[in-house]
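Coordinates from protein-v8.pdb are shown below (PDB, C-alpha atoms and all ligand atoms).
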MODEL        1
ATOM      1  CA  MET A   1       0.000   0.000   0.000
ATOM      2  CA  LYS A   2       2.946   2.340  -0.642
ATOM      3  CA  ASP A   3       1.889   5.875  -1.631
ATOM      4  CA  GLU A   4      -1.678   4.847  -1.290
ATOM      5  CA  PHE A   5      -4.340   6.382   0.878
ATOM      6  CA  VAL A   6      -7.414   5.375   2.806
ATOM      7  CA  VAL A   7     -10.319   7.316   4.264
ATOM      8  CA  GLY A   8     -11.446   6.878   7.850
ATOM      9  CA  VAL A   9     -14.831   8.092   9.071
ATOM     10  CA  ASP A  10     -15.639   8.365  12.770
ATOM     11  CA  LEU A  11     -19.418   8.523  13.042
ATOM     12  CA  GLY A  12     -20.626   9.952  16.345
ATOM     13  CA  GLY A  13     -23.838  11.313  17.835
ATOM     14  CA  THR A  14     -22.637  14.923  17.835
ATOM     15  CA  LYS A  15     -20.031  15.046  15.076
ATOM     16  CA  ILE A  16     -18.706  13.132  12.103
ATOM     17  CA  CYS A  17     -14.958  13.287  11.636
ATOM     18  CA  ALA A  18     -13.311  12.043   8.439
ATOM     19  CA  ALA A  19      -9.664  11.931   7.424
ATOM     20  CA  VAL A  20      -7.409  10.832   4.601
ATOM     21  CA  ILE A  21      -4.596   8.732   6.001
ATOM     22  CA  ASN A  22      -1.525   7.233   4.411
ATOM     23  CA  SER A  23      -0.423   3.634   4.840
ATOM     24  CA  ARG A  24       1.749   4.611   7.831
ATOM     25  CA  GLY A  25      -1.265   5.984   9.714
ATOM     26  CA  LYS A  26      -0.391   9.648   9.176
ATOM     27  CA  ILE A  27      -3.299  12.038   8.714
ATOM     28  CA  ILE A  28      -2.971  13.963   5.448
ATOM     29  CA  TYR A  29      -6.149  15.972   5.863
ATOM     30  CA  ASP A  30      -9.118  15.840   8.213
ATOM     31  CA  GLN A  31     -12.444  17.539   8.519
ATOM     32  CA  THR A  32     -15.364  17.455  10.952
ATOM     33  CA  LEU A  33     -19.036  18.309  10.512
ATOM     34  CA  PRO A  34     -21.901  18.242  13.030
ATOM     35  CA  THR A  35     -24.051  15.089  12.800
ATOM     36  CA  LYS A  36     -27.377  16.912  13.288
ATOM     37  CA  VAL A  37     -29.158  13.698  14.264
ATOM     38  CA  TRP A  38     -32.555  15.406  14.171
ATOM     39  CA  MET A  39     -32.221  15.759  10.379
ATOM     40  CA  GLY A  40     -32.524  11.990   9.916
ATOM     41  CA  LYS A  41     -30.575   9.139   8.379
ATOM     42  CA  THR A  42     -30.433  10.333   4.747
ATOM     43  CA  PHE A  43     -29.050  13.690   5.848
ATOM     44  CA  ILE A  44     -26.350  11.984   7.930
ATOM     45  CA  LEU A  45     -25.405   9.681   5.069
ATOM     46  CA  ASN A  46     -25.181  12.685   2.719
ATOM     47  CA  THR A  47     -23.014  14.532   5.259
ATOM     48  CA  MET A  48     -20.628  11.571   5.237
ATOM     49  CA  ILE A  49     -20.529  11.558   1.429
ATOM     50  CA  THR A  50     -19.902  15.333   1.303
ATOM     51  CA  LEU A  51     -17.099  15.026   3.858
ATOM     52  CA  ILE A  52     -15.394  12.252   1.887
ATOM     53  CA  GLU A  53     -15.778  14.076  -1.438
ATOM     54  CA  GLU A  54     -14.306  17.273  -0.003
ATOM     55  CA  LEU A  55     -11.392  15.440   1.557
ATOM     56  CA  ILE A  56     -10.544  13.695  -1.701
ATOM     57  CA  GLN A  57     -10.737  17.041  -3.495
ATOM     58  CA  LYS A  58      -8.638  18.917  -0.929
ATOM     59  CA  CYS A  59      -5.916  16.293  -1.014
ATOM     60  CA  ARG A  60      -5.936  16.484  -4.819
ATOM     61  CA  LEU A  61      -6.391  12.740  -4.963
ATOM     62  CA  ASN A  62      -8.706  10.855  -7.210
ATOM     63  CA  ASN A  63     -10.787   7.833  -6.232
ATOM     64  CA  LYS A  64      -8.200   5.538  -7.803
ATOM     65  CA  LYS A  65      -5.546   6.468  -5.231
ATOM     66  CA  ILE A  66      -7.994   5.994  -2.355
ATOM     67  CA  LYS A  67      -7.984   2.276  -1.626
ATOM     68  CA  GLY A  68     -11.018   2.152   0.606
ATOM     69  CA  ILE A  69     -13.217   3.748   3.239
ATOM     70  CA  GLY A  70     -13.449   2.585   6.845
ATOM     71  CA  VAL A  71     -16.343   3.585   9.073
ATOM     72  CA  GLY A  72     -16.282   3.398  12.857
ATOM     73  CA  SER A  73     -19.790   3.606  14.315
ATOM     74  CA  PRO A  74     -21.474   3.158  17.671
ATOM     75  CA  GLY A  75     -23.108  -0.259  17.851
ATOM     76  CA  PRO A  76     -24.618  -2.740  17.953
ATOM     77  CA  LEU A  77     -23.805  -3.517  14.325
ATOM     78  CA  ASP A  78     -24.213  -6.461  12.002
ATOM     79  CA  ILE A  79     -20.755  -6.341  10.459
ATOM     80  CA  SER A  80     -21.374  -9.175   7.989
ATOM     81  CA  LYS A  81     -24.364  -7.258   6.522
ATOM     82  CA  GLY A  82     -22.710  -3.841   6.908
ATOM     83  CA  GLU A  83     -25.644  -2.659   8.988
ATOM     84  CA  ILE A  84     -26.015  -0.411  11.995
ATOM     85  CA  ILE A  85     -28.677  -2.389  13.915
ATOM     86  CA  CYS A  86     -29.431   0.543  16.191
ATOM     87  CA  ALA A  87     -27.339   3.117  17.985
ATOM     88  CA  PRO A  88     -28.516   4.997  21.062
ATOM     89  CA  ASN A  89     -27.547   8.445  19.697
ATOM     90  CA  LEU A  90     -28.182   7.971  15.973
ATOM     91  CA  PRO A  91     -31.454   7.639  14.014
ATOM     92  CA  PHE A  92     -30.477   4.338  12.359
ATOM     93  CA  LYS A  93     -32.346   1.041  12.569
ATOM     94  CA  ASN A  94     -31.025  -1.900  10.526
ATOM     95  CA  PHE A  95     -29.397   0.688   8.281
ATOM     96  CA  ASP A  96     -27.078  -0.522   5.523
ATOM     97  CA  ILE A  97     -24.320   2.064   5.535
ATOM     98  CA  ILE A  98     -21.841   0.227   3.307
ATOM     99  CA  THR A  99     -23.803  -0.129   0.024
ATOM    100  CA  PRO A 100     -24.501   3.604  -0.566
ATOM    101  CA  LEU A 101     -20.838   4.497   0.069
ATOM    102  CA  LYS A 102     -19.625   1.652  -2.145
ATOM    103  CA  ASP A 103     -21.992   2.718  -4.937
ATOM    104  CA  LYS A 104     -20.933   6.349  -4.675
ATOM    105  CA  PHE A 105     -17.151   5.903  -4.547
ATOM    106  CA  ASN A 106     -16.732   2.498  -6.144
ATOM    107  CA  ILE A 107     -14.094   1.342  -3.631
ATOM    108  CA  PRO A 108     -14.232  -1.171  -0.748
ATOM    109  CA  VAL A 109     -15.973   0.010   2.428
ATOM    110  CA  TYR A 110     -15.402  -1.504   5.885
ATOM    111  CA  LEU A 111     -17.534  -1.079   8.995
ATOM    112  CA  ASP A 112     -16.783  -1.815  12.628
ATOM    113  CA  ASN A 113     -17.828  -0.479  16.002
ATOM    114  CA  ASP A 114     -15.990   2.593  17.233
ATOM    115  CA  ALA A 115     -14.226   0.853  20.136
ATOM    116  CA  ASN A 116     -12.906  -1.927  17.861
ATOM    117  CA  ALA A 117     -11.750   0.674  15.330
ATOM    118  CA  ALA A 118      -9.937   2.694  17.999
ATOM    119  CA  ALA A 119      -8.366  -0.513  19.336
ATOM    120  CA  LEU A 120      -7.060  -1.389  15.884
ATOM    121  CA  GLY A 121      -5.771   2.174  15.411
ATOM    122  CA  GLU A 122      -3.748   1.972  18.644
ATOM    123  CA  TYR A 123      -2.544  -1.527  17.713
ATOM    124  CA  MET A 124      -1.278  -0.505  14.273
ATOM    125  CA  PHE A 125      -0.221   3.105  14.764
ATOM    126  CA  GLY A 126      -0.419   4.041  18.468
ATOM    127  CA  ALA A 127       0.636   2.791  21.902
ATOM    128  CA  GLY A 128       0.089  -0.856  20.935
ATOM    129  CA  ARG A 129       2.552  -0.807  18.002
ATOM    130  CA  GLY A 130       4.634  -3.955  17.963
ATOM    131  CA  SER A 131       2.452  -5.844  20.432
ATOM    132  CA  ARG A 132       0.948  -9.226  19.637
ATOM    133  CA  ASN A 133      -2.124  -9.336  21.838
ATOM    134  CA  MET A 134      -3.450  -5.965  22.860
ATOM    135  CA  ILE A 135      -6.471  -4.950  24.930
ATOM    136  CA  PHE A 136      -7.850  -1.449  24.522
ATOM    137  CA  ILE A 137     -10.049   0.076  27.214
ATOM    138  CA  THR A 138     -11.618   3.461  26.595
ATOM    139  CA  VAL A 139     -12.927   5.463  29.540
ATOM    140  CA  SER A 140     -14.978   8.585  28.888
ATOM    141  CA  THR A 141     -18.732   9.075  29.388
ATOM    142  CA  GLY A 142     -18.948   5.267  29.238
ATOM    143  CA  ILE A 143     -16.386   2.449  29.306
ATOM    144  CA  GLY A 144     -15.771   0.373  26.181
ATOM    145  CA  GLY A 145     -13.121  -1.979  24.958
ATOM    146  CA  GLY A 146     -11.598  -3.900  22.117
ATOM    147  CA  ALA A 147      -9.132  -6.736  21.722
ATOM    148  CA  VAL A 148      -6.702  -7.245  18.850
ATOM    149  CA  LEU A 149      -5.328 -10.765  19.113
ATOM    150  CA  ASN A 150      -2.586 -11.891  16.735
ATOM    151  CA  GLY A 151      -3.500  -9.027  14.388
ATOM    152  CA  ASN A 152      -7.230  -9.754  14.336
ATOM    153  CA  ILE A 153     -10.034  -7.893  16.060
ATOM    154  CA  TYR A 154     -11.723 -10.346  18.425
ATOM    155  CA  ARG A 155     -15.476  -9.873  18.057
ATOM    156  CA  GLY A 156     -17.091 -12.869  19.735
ATOM    157  CA  ASN A 157     -20.248 -14.757  18.875
ATOM    158  CA  THR A 158     -22.662 -11.792  18.721
ATOM    159  CA  GLN A 159     -19.943  -9.267  17.833
ATOM    160  CA  ASN A 160     -20.204  -7.654  21.259
ATOM    161  CA  ALA A 161     -17.023  -8.953  22.866
ATOM    162  CA  LEU A 162     -15.084  -6.714  25.255
ATOM    163  CA  GLU A 163     -18.088  -4.917  26.743
ATOM    164  CA  VAL A 164     -15.764  -4.409  29.687
ATOM    165  CA  GLY A 165     -17.803  -1.455  30.954
ATOM    166  CA  HIS A 166     -20.565  -3.868  31.928
ATOM    167  CA  MET A 167     -18.434  -6.140  34.042
ATOM    168  CA  THR A 168     -20.022  -6.362  37.503
ATOM    169  CA  LEU A 169     -17.723  -4.945  40.179
ATOM    170  CA  GLU A 170     -20.279  -4.445  42.995
ATOM    171  CA  LYS A 171     -23.154  -6.923  43.164
ATOM    172  CA  ASP A 172     -25.524  -4.410  44.815
ATOM    173  CA  GLY A 173     -23.962  -1.299  43.282
ATOM    174  CA  PRO A 174     -25.695   1.595  41.508
ATOM    175  CA  LEU A 175     -28.019   0.850  38.584
ATOM    176  CA  CYS A 176     -26.333   0.986  35.158
ATOM    177  CA  ASN A 177     -27.925   2.059  31.849
ATOM    178  CA  CYS A 178     -27.713  -1.584  30.742
ATOM    179  CA  GLY A 179     -30.096  -2.675  33.534
ATOM    180  CA  ASN A 180     -27.473  -4.436  35.641
ATOM    181  CA  ARG A 181     -26.141  -3.147  38.966
ATOM    182  CA  GLY A 182     -22.588  -2.207  39.882
ATOM    183  CA  CYS A 183     -21.079  -2.264  36.372
ATOM    184  CA  ALA A 184     -17.592  -0.805  35.883
ATOM    185  CA  GLU A 185     -19.164   1.956  33.783
ATOM    186  CA  VAL A 186     -21.412   3.158  36.583
ATOM    187  CA  LEU A 187     -18.501   3.160  39.071
ATOM    188  CA  ALA A 188     -15.447   4.324  37.116
ATOM    189  CA  SER A 189     -16.449   6.273  33.974
ATOM    190  CA  GLY A 190     -16.136  10.030  33.544
ATOM    191  CA  THR A 191     -19.895  10.219  34.151
ATOM    192  CA  ALA A 192     -19.503   8.319  37.438
ATOM    193  CA  ILE A 193     -16.697  10.644  38.596
ATOM    194  CA  ALA A 194     -18.809  13.730  37.783
ATOM    195  CA  ARG A 195     -21.861  12.215  39.527
ATOM    196  CA  GLU A 196     -19.918  11.602  42.756
ATOM    197  CA  ALA A 197     -18.502  15.143  42.631
ATOM    198  CA  LYS A 198     -22.012  16.646  42.341
ATOM    199  CA  ARG A 199     -23.210  14.454  45.208
ATOM    200  CA  ALA A 200     -20.371  15.610  47.439
ATOM    201  CA  VAL A 201     -21.156  19.261  46.670
ATOM    202  CA  ASN A 202     -24.897  18.721  47.280
ATOM    203  CA  ARG A 203     -24.109  17.032  50.612
ATOM    204  CA  GLY A 204     -22.384  20.248  51.621
ATOM    205  CA  GLU A 205     -18.852  18.860  51.802
ATOM    206  CA  VAL A 206     -16.176  21.547  52.068
ATOM    207  CA  THR A 207     -14.527  21.147  48.683
ATOM    208  CA  SER A 208     -13.126  23.345  45.925
ATOM    209  CA  LEU A 209     -15.402  21.407  43.541
ATOM    210  CA  SER A 210     -18.297  23.572  44.773
ATOM    211  CA  GLN A 211     -16.971  26.528  42.714
ATOM    212  CA  TYR A 212     -18.115  24.850  39.479
ATOM    213  CA  GLU A 213     -21.634  25.143  38.185
ATOM    214  CA  ASN A 214     -21.376  21.979  36.093
ATOM    215  CA  VAL A 215     -18.583  19.831  37.437
ATOM    216  CA  THR A 216     -17.158  17.155  35.102
ATOM    217  CA  SER A 217     -14.386  14.607  35.573
ATOM    218  CA  ARG A 218     -11.938  17.178  34.160
ATOM    219  CA  GLU A 219     -12.524  19.524  37.131
ATOM    220  CA  VAL A 220     -12.214  16.600  39.558
ATOM    221  CA  PHE A 221      -8.768  15.769  38.095
ATOM    222  CA  LYS A 222      -7.750  19.426  38.266
ATOM    223  CA  GLU A 223      -8.838  19.951  41.878
ATOM    224  CA  ALA A 224      -7.324  16.623  42.974
ATOM    225  CA  GLU A 225      -4.010  17.773  41.573
ATOM    226  CA  LEU A 226      -4.370  21.046  43.513
ATOM    227  CA  GLY A 227      -4.831  18.994  46.686
ATOM    228  CA  ASP A 228      -8.599  18.979  47.297
ATOM    229  CA  ASP A 229      -9.371  16.015  49.568
ATOM    230  CA  THR A 230     -12.856  15.316  48.211
ATOM    231  CA  ALA A 231     -11.620  15.331  44.602
ATOM    232  CA  LYS A 232      -8.724  13.056  45.566
ATOM    233  CA  ARG A 233     -11.062  10.607  47.338
ATOM    234  CA  ILE A 234     -13.532  10.479  44.409
ATOM    235  CA  LEU A 235     -10.733   9.854  41.911
ATOM    236  CA  ASP A 236      -9.078   7.287  44.087
ATOM    237  CA  THR A 237     -12.322   5.306  44.383
ATOM    238  CA  ALA A 238     -13.081   5.453  40.637
ATOM    239  CA  LEU A 239      -9.529   4.576  39.580
ATOM    240  CA  ASN A 240      -9.481   1.709  42.061
ATOM    241  CA  TYR A 241     -12.590   0.263  40.349
ATOM    242  CA  LEU A 242     -10.977   0.860  36.949
ATOM    243  CA  GLY A 243      -7.864  -0.959  38.130
ATOM    244  CA  ILE A 244      -9.987  -3.955  39.215
ATOM    245  CA  CYS A 245     -11.676  -3.937  35.798
ATOM    246  CA  VAL A 246      -8.286  -3.912  34.032
ATOM    247  CA  ALA A 247      -6.932  -6.676  36.319
ATOM    248  CA  ASN A 248      -9.976  -8.870  35.538
ATOM    249  CA  VAL A 249      -9.571  -8.365  31.785
ATOM    250  CA  MET A 250      -5.855  -9.147  32.046
ATOM    251  CA  ASN A 251      -6.584 -12.360  33.934
ATOM    252  CA  CYS A 252      -8.876 -13.431  31.060
ATOM    253  CA  PHE A 253      -6.713 -12.475  28.084
ATOM    254  CA  ASP A 254      -3.095 -12.459  29.340
ATOM    255  CA  PRO A 255      -2.233  -9.676  26.847
ATOM    256  CA  ASP A 256       1.236  -8.192  26.314
ATOM    257  CA  VAL A 257      -0.142  -4.637  26.254
ATOM    258  CA  VAL A 258      -3.205  -2.894  27.718
ATOM    259  CA  VAL A 259      -3.876   0.547  26.266
ATOM    260  CA  ILE A 260      -6.085   2.964  28.213
ATOM    261  CA  GLY A 261      -7.779   5.626  26.102
ATOM    262  CA  GLY A 262     -10.726   8.042  26.260
ATOM    263  CA  GLY A 263     -11.162  11.365  28.058
ATOM    264  CA  VAL A 264     -10.416  10.003  31.552
ATOM    265  CA  SER A 265      -7.052   8.609  30.382
ATOM    266  CA  LYS A 266      -5.948  12.197  29.751
ATOM    267  CA  GLY A 267      -6.135  12.887  33.489
ATOM    268  CA  GLY A 268      -2.370  12.521  33.717
ATOM    269  CA  SER A 269       0.082  10.007  35.117
ATOM    270  CA  ILE A 270      -2.172   9.409  38.136
ATOM    271  CA  VAL A 271      -4.491   7.291  35.941
ATOM    272  CA  ILE A 272      -1.920   4.797  34.680
ATOM    273  CA  ASP A 273      -0.061   4.794  38.039
ATOM    274  CA  ARG A 274      -3.199   4.033  40.048
ATOM    275  CA  ILE A 275      -4.404   1.340  37.612
ATOM    276  CA  SER A 276      -0.944  -0.253  37.606
ATOM    277  CA  GLY A 277      -0.888  -0.251  41.412
ATOM    278  CA  VAL A 278      -4.255  -2.018  41.672
ATOM    279  CA  VAL A 279      -3.321  -4.480  38.910
ATOM    280  CA  LYS A 280      -0.126  -5.361  40.754
ATOM    281  CA  LYS A 281      -2.176  -6.295  43.815
ATOM    282  CA  ARG A 282      -5.091  -8.061  42.128
ATOM    283  CA  CYS A 283      -3.962  -9.618  38.852
ATOM    284  CA  PHE A 284      -2.345 -13.051  38.567
ATOM    285  CA  LYS A 285       1.345 -12.289  39.172
ATOM    286  CA  THR A 286       2.880 -13.933  36.089
ATOM    287  CA  ILE A 287       0.457 -12.011  33.878
ATOM    288  CA  SER A 288       0.850  -8.609  35.550
ATOM    289  CA  GLU A 289       4.646  -8.840  35.510
ATOM    290  CA  ASN A 290       4.625  -9.311  31.743
ATOM    291  CA  THR A 291       1.948  -6.835  30.662
ATOM    292  CA  LYS A 292       2.576  -3.188  29.887
ATOM    293  CA  ILE A 293      -0.222  -0.755  30.775
ATOM    294  CA  LEU A 294       0.061   2.319  28.557
ATOM    295  CA  GLN A 295      -1.809   5.507  27.853
ATOM    296  CA  ALA A 296      -3.344   5.708  24.347
ATOM    297  CA  GLU A 297      -1.338   7.778  21.864
ATOM    298  CA  LEU A 298      -3.810   8.721  19.146
ATOM    299  CA  GLY A 299      -6.014  10.948  21.348
ATOM    300  CA  THR A 300      -8.979  12.517  19.591
ATOM    301  CA  TYR A 301      -7.819  11.010  16.296
ATOM    302  CA  ALA A 302      -8.111   7.414  17.525
ATOM    303  CA  GLY A 303     -11.555   7.100  15.903
ATOM    304  CA  VAL A 304     -10.632   8.205  12.372
ATOM    305  CA  ILE A 305      -7.205   6.586  12.329
ATOM    306  CA  GLY A 306      -8.793   3.389  13.629
ATOM    307  CA  ALA A 307     -11.553   3.501  10.998
ATOM    308  CA  ALA A 308      -8.889   3.923   8.301
ATOM    309  CA  ALA A 309      -6.905   1.059   9.858
ATOM    310  CA  LEU A 310      -9.908  -1.213   9.171
ATOM    311  CA  VAL A 311      -9.236  -0.731   5.458
ATOM    312  CA  ILE A 312      -5.499  -1.310   5.765
ATOM    313  CA  MET A 313      -6.096  -4.508   7.750
ATOM    314  CA  GLY A 314      -8.720  -5.623   5.228
ATOM    315  CA  PHE A 315      -6.190  -5.266   2.393
ATOM    316  CA  LYS A 316      -3.457  -7.054   4.318
ATOM    317  CA  LYS A 317      -5.762 -10.008   4.848
ATOM    318  CA  ASN A 318      -6.793 -10.188   1.207
ATOM    319  CA  SER A 319      -3.294  -9.800  -0.222
TER
HETATM  320 ZN    ZN A 401     -23.897  -1.965  32.669
ENDMDL
END

Could you render the structure as structure tokens?
Ligand SMILES: [Zn+2]
Amino acid sequence: MKDEFVVGVDLGGTKICAAVINSRGKIIYDQTLPTKVWMGKTFILNTMITLIEELIQKCRLNNKKIKGIGVGSPGPLDISKGEIICAPNLPFKNFDIITPLKDKFNIPVYLDNDANAAALGEYMFGAGRGSRNMIFITVSTGIGGGAVLNGNIYRGNTQNALEVGHMTLEKDGPLCNCGNRGCAEVLASGTAIAREAKRAVNRGEVTSLSQYENVTSREVFKEAELGDDTAKRILDTALNYLGICVANVMNCFDPDVVVIGGGVSKGGSIVIDRISGVVKKRCFKTISENTKILQAELGTYAGVIGAAALVIMGFKKNS
């Protein structure tokens, strides 16, 4: 794939980001447009087409140099049919997203869920470069995951493998969006950190978090670093749960690398240090001693680079 290019599209509930990427994972050009979910599925599909057309034009490339398009989308998906079955923040139901793009651009189109795409991006071009078996865990408003094992995305029977955010950590814990109680997501996500901060403020705790009208996990990280006890306690609890989640996943997969991504991972060295500390205590020793736990490298571009990586991996497999 020398001097060849692929397009990655990161389809989200608030914005659609697309980028042209070369075979070494470098972004040549990228562009983002609002999704405007209220405008409906045809509008969103047309936005994607416009984005791709403009990118190809701006890079002065023609369709022939673009080897394929990869789309990362929230799930659940039916990857074999190229369909988005439904997505909580998008107006799609059993929507075939591959055929219209294939018809329009006449090149191969690949679809996978956004967490799998980001995992593949980190595996090929980010923190997981050079690893054999890599687990990716993304922690932001929710907690998601992906596994790339021997170069292949592991999807499982119903293509929902690595729903690590819904691992039970407290049997009688708070209710999760999925209907279960005490999931990792409801205890350790950015949303969970923000929720605990608001509760502490509402309880009247003396904390610098009370200066914020709408406190998010970002403010909790900031105030913890400045020494606020409440912020430190909330973070410590959430990161302890996250560490347990990571230790459990490591015990199952025995990976050589675990990559932690998403907004919460940007909270600084405290995140990786705390997770590593918990893993050291709770994970099977032989596994923990041989697994690296690393912060994701691709940041906000993980989605598009990962979507583009789907194409590159597809070509590698077929060549
Ligand atoms: Zn859950």

Nearest residue to ligand ZN 401 (chain A) from the set A:Asn180, A:Thr42, A:Thr32, A:Thr50 (distances using only C-alpha atoms and all ligand atoms): A:Asn180

Quick one: contact table of chain A to ligand ZN 401 (chain A), 10 Å max, nearest atom pair and distance in Å to one decimal per residue, counting only C-alpha atoms and all ligand atoms, chain and number order, as CSV?
residue,atom,partner,partner_atom,distance
A:Gly142,CA,A:ZN401,ZN,9.4
A:Ile143,CA,A:ZN401,ZN,9.3
A:Glu163,CA,A:ZN401,ZN,8.8
A:Val164,CA,A:ZN401,ZN,9.0
A:Gly165,CA,A:ZN401,ZN,6.4
A:His166,CA,A:ZN401,ZN,3.9
A:Met167,CA,A:ZN401,ZN,7.0
A:Thr168,CA,A:ZN401,ZN,7.6
A:Pro174,CA,A:ZN401,ZN,9.7
A:Leu175,CA,A:ZN401,ZN,7.7
A:Cys176,CA,A:ZN401,ZN,4.6
A:Asn177,CA,A:ZN401,ZN,5.8
A:Cys178,CA,A:ZN401,ZN,4.3
A:Gly179,CA,A:ZN401,ZN,6.3
A:Asn180,CA,A:ZN401,ZN,5.3
A:Arg181,CA,A:ZN401,ZN,6.8
A:Gly182,CA,A:ZN401,ZN,7.3
A:Cys183,CA,A:ZN401,ZN,4.7
A:Ala184,CA,A:ZN401,ZN,7.2
A:Glu185,CA,A:ZN401,ZN,6.2
A:Val186,CA,A:ZN401,ZN,6.9
A:Leu187,CA,A:ZN401,ZN,9.8

Save out the residues we just selected, C-alpha atoms, as a PDB file, in the coordinates of the input.
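Writing done, so here's result_28.pdb:
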ATOM      1  CA  GLY A 142     -18.948   5.267  29.238  1.00  0.00           C
ATOM      2  CA  ILE A 143     -16.386   2.449  29.306  1.00  0.00           C
ATOM      3  CA  GLU A 163     -18.088  -4.917  26.743  1.00  0.00           C
ATOM      4  CA  VAL A 164     -15.764  -4.409  29.687  1.00  0.00           C
ATOM      5  CA  GLY A 165     -17.803  -1.455  30.954  1.00  0.00           C
ATOM      6  CA  HIS A 166     -20.565  -3.868  31.928  1.00  0.00           C
ATOM      7  CA  MET A 167     -18.434  -6.140  34.042  1.00  0.00           C
ATOM      8  CA  THR A 168     -20.022  -6.362  37.503  1.00  0.00           C
ATOM      9  CA  PRO A 174     -25.695   1.595  41.508  1.00  0.00           C
ATOM     10  CA  LEU A 175     -28.019   0.850  38.584  1.00  0.00           C
ATOM     11  CA  CYS A 176     -26.333   0.986  35.158  1.00  0.00           C
ATOM     12  CA  ASN A 177     -27.925   2.059  31.849  1.00  0.00           C
ATOM     13  CA  CYS A 178     -27.713  -1.584  30.742  1.00  0.00           C
ATOM     14  CA  GLY A 179     -30.096  -2.675  33.534  1.00  0.00           C
ATOM     15  CA  ASN A 180     -27.473  -4.436  35.641  1.00  0.00           C
ATOM     16  CA  ARG A 181     -26.141  -3.147  38.966  1.00  0.00           C
ATOM     17  CA  GLY A 182     -22.588  -2.207  39.882  1.00  0.00           C
ATOM     18  CA  CYS A 183     -21.079  -2.264  36.372  1.00  0.00           C
ATOM     19  CA  ALA A 184     -17.592  -0.805  35.883  1.00  0.00           C
ATOM     20  CA  GLU A 185     -19.164   1.956  33.783  1.00  0.00           C
ATOM     21  CA  VAL A 186     -21.412   3.158  36.583  1.00  0.00           C
ATOM     22  CA  LEU A 187     -18.501   3.160  39.071  1.00  0.00           C
TER      23      LEU A 187
END

The PyMOL selection byres (((chain A and resi 196) around 12) and not hetatm) resolved against shown file, as a PyMOL selection string: chain A and resi 174+186-195+197-203+205+209+215-217+220+230-238

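Residue neighbourhood of Lys285 (chain A), excluding near-sequence residues (fewer than 4 positions): Ala247, Met250, Asn251, Asp254, Val278, Val279, Lys280, Lys281, Glu289, Asn290 and Thr291 of chain A, at 12 Å, using all atoms listed in the file.
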
Keeping only C-alpha atoms, write those residues as a PDB file, keeping the file's coordinate frame.
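again.pdb, freshly written:
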ATOM      1  CA  ALA A 247      -6.932  -6.676  36.319  1.00  0.00           C
ATOM      2  CA  MET A 250      -5.855  -9.147  32.046  1.00  0.00           C
ATOM      3  CA  ASN A 251      -6.584 -12.360  33.934  1.00  0.00           C
ATOM      4  CA  ASP A 254      -3.095 -12.459  29.340  1.00  0.00           C
ATOM      5  CA  VAL A 278      -4.255  -2.018  41.672  1.00  0.00           C
ATOM      6  CA  VAL A 279      -3.321  -4.480  38.910  1.00  0.00           C
ATOM      7  CA  LYS A 280      -0.126  -5.361  40.754  1.00  0.00           C
ATOM      8  CA  LYS A 281      -2.176  -6.295  43.815  1.00  0.00           C
ATOM      9  CA  GLU A 289       4.646  -8.840  35.510  1.00  0.00           C
ATOM     10  CA  ASN A 290       4.625  -9.311  31.743  1.00  0.00           C
ATOM     11  CA  THR A 291       1.948  -6.835  30.662  1.00  0.00           C
TER      12      THR A 291
END

Residue neighbourhood region 96-110 of chain A, 9 Å, all atoms listed in the file, exclusion window fewer than 3 positions, as a PyMOL selection string: chain A and resi 45+48-49+53+63-64+66-72+79+81-85+93+307-308+310-311+314

Nearest residue to Leu55 (chain A) from the set A:Ser73, A:Gln31, A:Thr207, A:Thr158 (distances using only C-alpha atoms): A:Gln31

One-decimal distance in Å that lies between CA of Lys26 (chain A) and CA of Ser269 (chain A):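 Separating CA of Ser269 (chain A) from CA of Lys26 (chain A) is a distance of 25.9 Å.
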
Between CA of Gly8 (chain A) and CA of Pro76 (chain A) - distance in Å to one decimal: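 Computing the Euclidean distance for CA of Pro76 (chain A) and CA of Gly8 (chain A) yields 19.2 Å.
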
Picked residues, the PyMOL selection byres (((chain A and resi 10) around 12) and not hetatm), as an NGL selection string: :A and (7-9 or 11-20 or 30-35 or 48 or 51-52 or 69-74 or 111-118 or 121 or 300-310)

Residues near Gly126 (chain A), anyone? I mean within 8 Å using only C-alpha atoms, not counting same-chain ones fewer than 2 positions away, as a short mmCIF file (atom, residue, chain, number, x, y, z; two decimals) with C-alpha atoms, in the frame of the given file.
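As a result, around.cif now contains:
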data_model
loop_
_atom_site.label_atom_id
_atom_site.label_comp_id
_atom_site.auth_asym_id
_atom_site.auth_seq_id
_atom_site.Cartn_x
_atom_site.Cartn_y
_atom_site.Cartn_z
CA GLY A 121 -5.77 2.17 15.41
CA GLU A 122 -3.75 1.97 18.64
CA TYR A 123 -2.54 -1.53 17.71
CA MET A 124 -1.28 -0.50 14.27
CA GLY A 128 0.09 -0.86 20.94
CA ARG A 129 2.55 -0.81 18.00
CA ALA A 296 -3.34 5.71 24.35
CA GLU A 297 -1.34 7.78 21.86
CA LEU A 298 -3.81 8.72 19.15
#

For Gln159 (chain A): contacts at 9 Å, all atoms listed in the file, fewer than 2 positions along chain excluded, given as a PyMOL selection string: chain A and resi 76-79+154-157+161

Resolved residues for the PyMOL selection byres (((chain A and resi 139) around 8) and not hetatm) as a list of chain:residue names: A:Ile137, A:Thr138, A:Ser140, A:Thr141, A:Gly142, A:Ile143, A:Gly144, A:Ser189, A:Gly190, A:Ile260, A:Gly261, A:Gly262, A:Gly263, A:Val264, A:Ser265

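One finds CA of Asn160 (chain A) at 18.0 Å from CA of Phe95 (chain A).
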
Build an axis-aligned box that encloses every atom of region 124-127 of chain A listed in the file, pad it by 6 Å on each side, and report its centre and edge lengths in Å to one decimal, as JSON.
{"center_x": -0.3, "center_y": 1.8, "center_z": 18.1, "size_x": 13.9, "size_y": 16.5, "size_z": 19.6}
